[in-house]
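Asker: I have a structure here, written as structure tokens, and I will follow up with some questions on it.
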Amino acid sequence: MTNQDILYKLPYSKPFLFVDEIISIDENGVEGTYTFDENLDFYSGHFKDNPVTPGVILTEVMAQIGLVCLGIFLLNESLNKNIAIALTSTDIEFLKPVFPKEKVTVFSEKIYFRFGKLKCKVIMKNEKGEEVCTGIIAGMIISK
């Protein structure tokens with residue numbers, strides 16, 4: 001499965017697609033990027049005259065790259081239209097703000113994948129290589 005195949009299989013579309021590129025992926029983890037478009041709707045109100053990316057969106061970026069892309073890769077041929085990967089838990093620490101036009105890189109390391117549950121350690125870094133958030137994300141494979 002190629003990186004483009006994984007991107008094609010993501011169950012998201014703009015404006016809620018938060019994956020630009022998968023840099024690397026294997027059975028142990030994934031690295032991918034996303035650049036925040038300054039025209040995204042949430043910037044108009046978070047915060048007034050000083051837009052900052054909401055933590056829930058940062059979590060979503062980490063989940064899409066670090067959990068869903070990796071889950072699609074791990075499921076490979078067994079992935080079909082009747083299967084989805086649902087977020088079950090997060091424990092994220094936010095360390096620095098992320099602003100419009102910033103490019104972030106997500107590094108995800110698989111902790112385990114068993115009994116239909118994928119759990120990963122995730123780190124998001126800005127272009128300066130500084131950690132902006134880090135934590136644990138878990139998801140479950142569910143049948144629709």
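A note on labels: chains of the structure tokens are A, B, ... as shown, every chain counts residues from 1, and ligands are counted from 1 in their shown order.
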Would you pick out the contacts of stretch 20-30 of chain A at 7 Å or less, using only C-alpha atoms, so that residues sharing its chain but fewer than 4 positions from it are not included, and give the list as a list of chain:residue names?
Answerer: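 Surrounding residues, per the criterion: A:Asn3, A:Tyr34, A:Gly66, A:Leu70, A:Leu74, A:Phe107, A:Ser108, A:Glu109, A:Lys110.
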Asker: Would you give me, as JSON lines, each residue of stretch 4-99 of chain A having an atom within 10 Å of an atom of stretch 131-141 of chain A, along with its shortest atom pair and that distance in Å to one decimal, using only C-alpha atoms and sorting by chain and residue number?
Answerer:
```
{"residue": "A:Gly55", "atom": "CA", "partner": "A:Cys133", "partner_atom": "CA", "distance": 9.0}
{"residue": "A:Leu58", "atom": "CA", "partner": "A:Cys133", "partner_atom": "CA", "distance": 8.0}
{"residue": "A:Thr59", "atom": "CA", "partner": "A:Cys133", "partner_atom": "CA", "distance": 8.6}
{"residue": "A:Met62", "atom": "CA", "partner": "A:Ile137", "partner_atom": "CA", "distance": 8.1}
{"residue": "A:Ala63", "atom": "CA", "partner": "A:Ile137", "partner_atom": "CA", "distance": 6.8}
{"residue": "A:Gly66", "atom": "CA", "partner": "A:Ile137", "partner_atom": "CA", "distance": 8.1}
{"residue": "A:Leu67", "atom": "CA", "partner": "A:Gly139", "partner_atom": "CA", "distance": 7.0}
{"residue": "A:Val68", "atom": "CA", "partner": "A:Gly139", "partner_atom": "CA", "distance": 8.3}
{"residue": "A:Gly71", "atom": "CA", "partner": "A:Ile141", "partner_atom": "CA", "distance": 8.4}
{"residue": "A:Leu75", "atom": "CA", "partner": "A:Ile141", "partner_atom": "CA", "distance": 9.5}
{"residue": "A:Leu79", "atom": "CA", "partner": "A:Ile141", "partner_atom": "CA", "distance": 9.8}
{"residue": "A:Ile83", "atom": "CA", "partner": "A:Ile141", "partner_atom": "CA", "distance": 6.7}
{"residue": "A:Ala84", "atom": "CA", "partner": "A:Ile141", "partner_atom": "CA", "distance": 5.7}
{"residue": "A:Ile85", "atom": "CA", "partner": "A:Ile141", "partner_atom": "CA", "distance": 4.6}
{"residue": "A:Ala86", "atom": "CA", "partner": "A:Gly139", "partner_atom": "CA", "distance": 5.3}
{"residue": "A:Leu87", "atom": "CA", "partner": "A:Gly139", "partner_atom": "CA", "distance": 4.2}
{"residue": "A:Thr88", "atom": "CA", "partner": "A:Gly139", "partner_atom": "CA", "distance": 4.8}
{"residue": "A:Ser89", "atom": "CA", "partner": "A:Ala138", "partner_atom": "CA", "distance": 5.2}
{"residue": "A:Thr90", "atom": "CA", "partner": "A:Ile137", "partner_atom": "CA", "distance": 4.5}
{"residue": "A:Asp91", "atom": "CA", "partner": "A:Ile136", "partner_atom": "CA", "distance": 5.2}
{"residue": "A:Ile92", "atom": "CA", "partner": "A:Gly135", "partner_atom": "CA", "distance": 4.3}
{"residue": "A:Glu93", "atom": "CA", "partner": "A:Thr134", "partner_atom": "CA", "distance": 5.5}
{"residue": "A:Phe94", "atom": "CA", "partner": "A:Cys133", "partner_atom": "CA", "distance": 4.4}
{"residue": "A:Leu95", "atom": "CA", "partner": "A:Val132", "partner_atom": "CA", "distance": 4.9}
{"residue": "A:Lys96", "atom": "CA", "partner": "A:Val132", "partner_atom": "CA", "distance": 4.6}
{"residue": "A:Pro97", "atom": "CA", "partner": "A:Val132", "partner_atom": "CA", "distance": 6.7}
{"residue": "A:Val98", "atom": "CA", "partner": "A:Val132", "partner_atom": "CA", "distance": 7.3}
```
Asker: Any idea what the distance is between atom CA of A:Val19 and atom CA of A:Pro100?
Answerer: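 Going from atom CA of A:Val19 over to atom CA of A:Pro100, I get 15.4 Å.
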Asker: Using only C-alpha atoms, determine which residues lie at most 12 Å from A:Glu77, disregarding the query and same-chain residues fewer than 3 positions distant; provide the list as number ranges by chain.
Answerer: A: 1, 5-6, 9, 71-74, 80-81, 83
Asker: Give the strand (DSSP E) residues of stretch 42-142 of chain A, as assigned by DSSP on the backbone, as a ChimeraX atom specification.
Answerer: /A:83-94,103-114,117-125,131-142
Asker: Can you check which residues of stretch 13-144 of chain A DSSP gives as alpha helix (DSSP H) on the backbone and send them as a PyMOL selection string?
Answerer: chain A and resi 55-63+70-75
Asker: Could you write those residues out with N, CA and C atoms, as an mmCIF file, in the first residue's frame?
Answerer:
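Written out: again.cif:
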```
data_model
loop_
_atom_site.group_PDB
_atom_site.id
_atom_site.type_symbol
_atom_site.label_atom_id
_atom_site.label_comp_id
_atom_site.auth_asym_id
_atom_site.auth_seq_id
_atom_site.Cartn_x
_atom_site.Cartn_y
_atom_site.Cartn_z
ATOM 1 N N GLY A 55 -6.975 23.457 20.562
ATOM 2 C CA GLY A 55 -6.408 22.176 20.972
ATOM 3 C C GLY A 55 -7.150 20.981 20.399
ATOM 4 N N VAL A 56 -8.457 21.100 20.267
ATOM 5 C CA VAL A 56 -9.230 19.987 19.717
ATOM 6 C C VAL A 56 -8.835 19.724 18.261
ATOM 7 N N ILE A 57 -8.472 20.764 17.529
ATOM 8 C CA ILE A 57 -8.020 20.598 16.142
ATOM 9 C C ILE A 57 -6.620 19.986 16.118
ATOM 10 N N LEU A 58 -5.748 20.407 17.017
ATOM 11 C CA LEU A 58 -4.423 19.792 17.109
ATOM 12 C C LEU A 58 -4.556 18.301 17.424
ATOM 13 N N THR A 59 -5.469 17.969 18.319
ATOM 14 C CA THR A 59 -5.727 16.563 18.639
ATOM 15 C C THR A 59 -6.218 15.819 17.412
ATOM 16 N N GLU A 60 -7.088 16.441 16.650
ATOM 17 C CA GLU A 60 -7.620 15.818 15.437
ATOM 18 C C GLU A 60 -6.517 15.563 14.410
ATOM 19 N N VAL A 61 -5.596 16.518 14.253
ATOM 20 C CA VAL A 61 -4.476 16.327 13.334
ATOM 21 C C VAL A 61 -3.651 15.119 13.775
ATOM 22 N N MET A 62 -3.358 15.045 15.070
ATOM 23 C CA MET A 62 -2.582 13.915 15.580
ATOM 24 C C MET A 62 -3.343 12.600 15.398
ATOM 25 N N ALA A 63 -4.646 12.626 15.579
ATOM 26 C CA ALA A 63 -5.450 11.414 15.412
ATOM 27 C C ALA A 63 -5.500 10.982 13.942
ATOM 28 N N LEU A 70 -2.118 5.253 10.263
ATOM 29 C CA LEU A 70 -1.430 4.035 10.682
ATOM 30 C C LEU A 70 -2.398 2.854 10.708
ATOM 31 N N GLY A 71 -3.607 3.070 11.182
ATOM 32 C CA GLY A 71 -4.613 2.008 11.203
ATOM 33 C C GLY A 71 -4.937 1.496 9.811
ATOM 34 N N ILE A 72 -5.072 2.397 8.856
ATOM 35 C CA ILE A 72 -5.325 2.002 7.467
ATOM 36 C C ILE A 72 -4.164 1.160 6.945
ATOM 37 N N PHE A 73 -2.952 1.596 7.236
ATOM 38 C CA PHE A 73 -1.765 0.846 6.814
ATOM 39 C C PHE A 73 -1.749 -0.549 7.439
ATOM 40 N N LEU A 74 -2.020 -0.642 8.744
ATOM 41 C CA LEU A 74 -1.977 -1.927 9.434
ATOM 42 C C LEU A 74 -3.082 -2.867 8.976
ATOM 43 N N LEU A 75 -4.258 -2.318 8.694
ATOM 44 C CA LEU A 75 -5.371 -3.150 8.227
ATOM 45 C C LEU A 75 -5.164 -3.598 6.784
#
```
Asker: Could you check how far atom CA of A:Ile123 sits from atom CA of A:Phe18, in Å to one decimal?
Answerer: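 About the pair atom CA of A:Ile123 and atom CA of A:Phe18: they are 15.3 Å apart.
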Asker: Could you produce a table of the residues of stretch 80-122 of chain A lying within 9 Å of stretch 35-44 of chain A, with the nearest pair of atoms per residue and their separation in Å rounded to one decimal, using only C-alpha atoms, ordered by chain and increasing residue number, as a tab-separated table?
Answerer:
```
residue	atom	partner	partner_atom	distance
A:Val98	CA	A:Phe36	CA	8.6
A:Phe99	CA	A:Phe36	CA	7.6
A:Pro100	CA	A:Glu38	CA	4.6
A:Lys101	CA	A:Phe36	CA	5.0
A:Glu102	CA	A:Thr35	CA	5.6
A:Lys103	CA	A:Thr35	CA	4.0
A:Val104	CA	A:Thr35	CA	6.2
A:Thr105	CA	A:Thr35	CA	8.8
```
Asker: Expressed in Å to a single decimal, how great is the separation between atom CA of A:Cys69 and atom CA of A:Tyr112?
Answerer: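 So the answer is 15.0 Å.
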